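What follows is a set of notes on a single structure, which appears directly below.
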Amino acid sequence: NLEMGAYILDEVPQDALREVYDRFPILEERKDQKAGTMSGGQQQMLAMGRALMLDPDLLLLDEPSAGLAPDLVEEMFDKIDEINEAGTAVLMVEQNAKEALRRCDRGYVLANGQNRYEDEGTKLLNDEEVRQQFLGG
């Protein structure tokens, strides 16, 4: 499953594979399992792991917490933080705005396809107008 992320390379980089397995141990345990039979959280980890196989400078994530059990959401965000702290920039679209804003350096709030607000994540999280209109008070 993970090796598909390195499909453009002549050889699978074993150091990258080890790094992904270290970050997501469940993927090593299930390396022979078909991706479609994995849980939603495992599939999200697999998607991130595939992307990380090429050691990208930027990781694009589209709603990484969507469909996850509540107890896995924080774990997923922790993994994203680890990836970012290891030097990979992360650009994320996320429906769990409160958690994303708590953790991001810079946030953007879109409404009807327009950028309505942009600032540091914690400033947006604490902005009364943003809280009332987009974060449920």
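Identifiers in the structure tokens: chain A, B, ... in order shown; residue index from 1 per chain; ligand index from 1 in order shown.
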
**Request:** Write out as a PyMOL selection string all residues of segment 14-120 of chain A that backbone DSSP assigns to helix (DSSP H, G or I).
**Result:** chain A and resi 14-23+25-29+35-37+40-52+70-85+97-103

**Message:** Quick one: residues within 12 Å of segment 73-81 of chain A, only C-alpha atoms, excluding same-chain residues fewer than 5 positions away - as a ChimeraX atom specification?
**Reply:** /A:20,22-25,40-46,48-49,52,58-61,63-68,86-92,94-105

**Message:** So that I can see what lies close to segment 107-114 of chain A, please list as a PyMOL selection string the residues with an atom at most 9 Å from it, counting only C-alpha atoms and leaving out residues fewer than 4 positions away in the same chain.
**Reply:** chain A and resi 97+100-101+118-124+130+134

**Request:** Enter the distance from atom CA of Leu17 of chain A to atom CA of Leu2 of chain A, in Å, rounded to one decimal.
**Result:**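 These atoms are spaced 7.4 Å apart.
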
**Request:** Identify all residues of segment 1-134 of chain A in strand (DSSP E or B) (DSSP on the backbone) and supply them as an MDAnalysis selection string.
**Result:** chainID A and resid 58:62 89:93 106:111 114:120

**Complete:** Correct to one decimal, the distance atom CA of Arg116 of chain A-atom CA of Glu129 of chain A is 11.0 Å

**Item:** Shortest interatomic distance to Met53 of chain A - which of A:Leu125, A:Ile83, A:Leu27, A:Ala16, counting only C-alpha atoms
**Value:**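 Ranking A:Leu125, A:Ile83, A:Leu27, A:Ala16 by distance to Met53 of chain A, first place goes to A:Ala16.
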
**Asked** Quick one, how far is atom CA of Thr37 of chain A from atom CA of Ala51 of chain A?
**Response** 19.7 Å

**Prompt:** What lies within 12 Å of Asp32 of chain A using only C-alpha atoms, ignoring chain neighbours under 6 positions off, as a ChimeraX atom specification?
**Reply:** /A:1-3,26,38
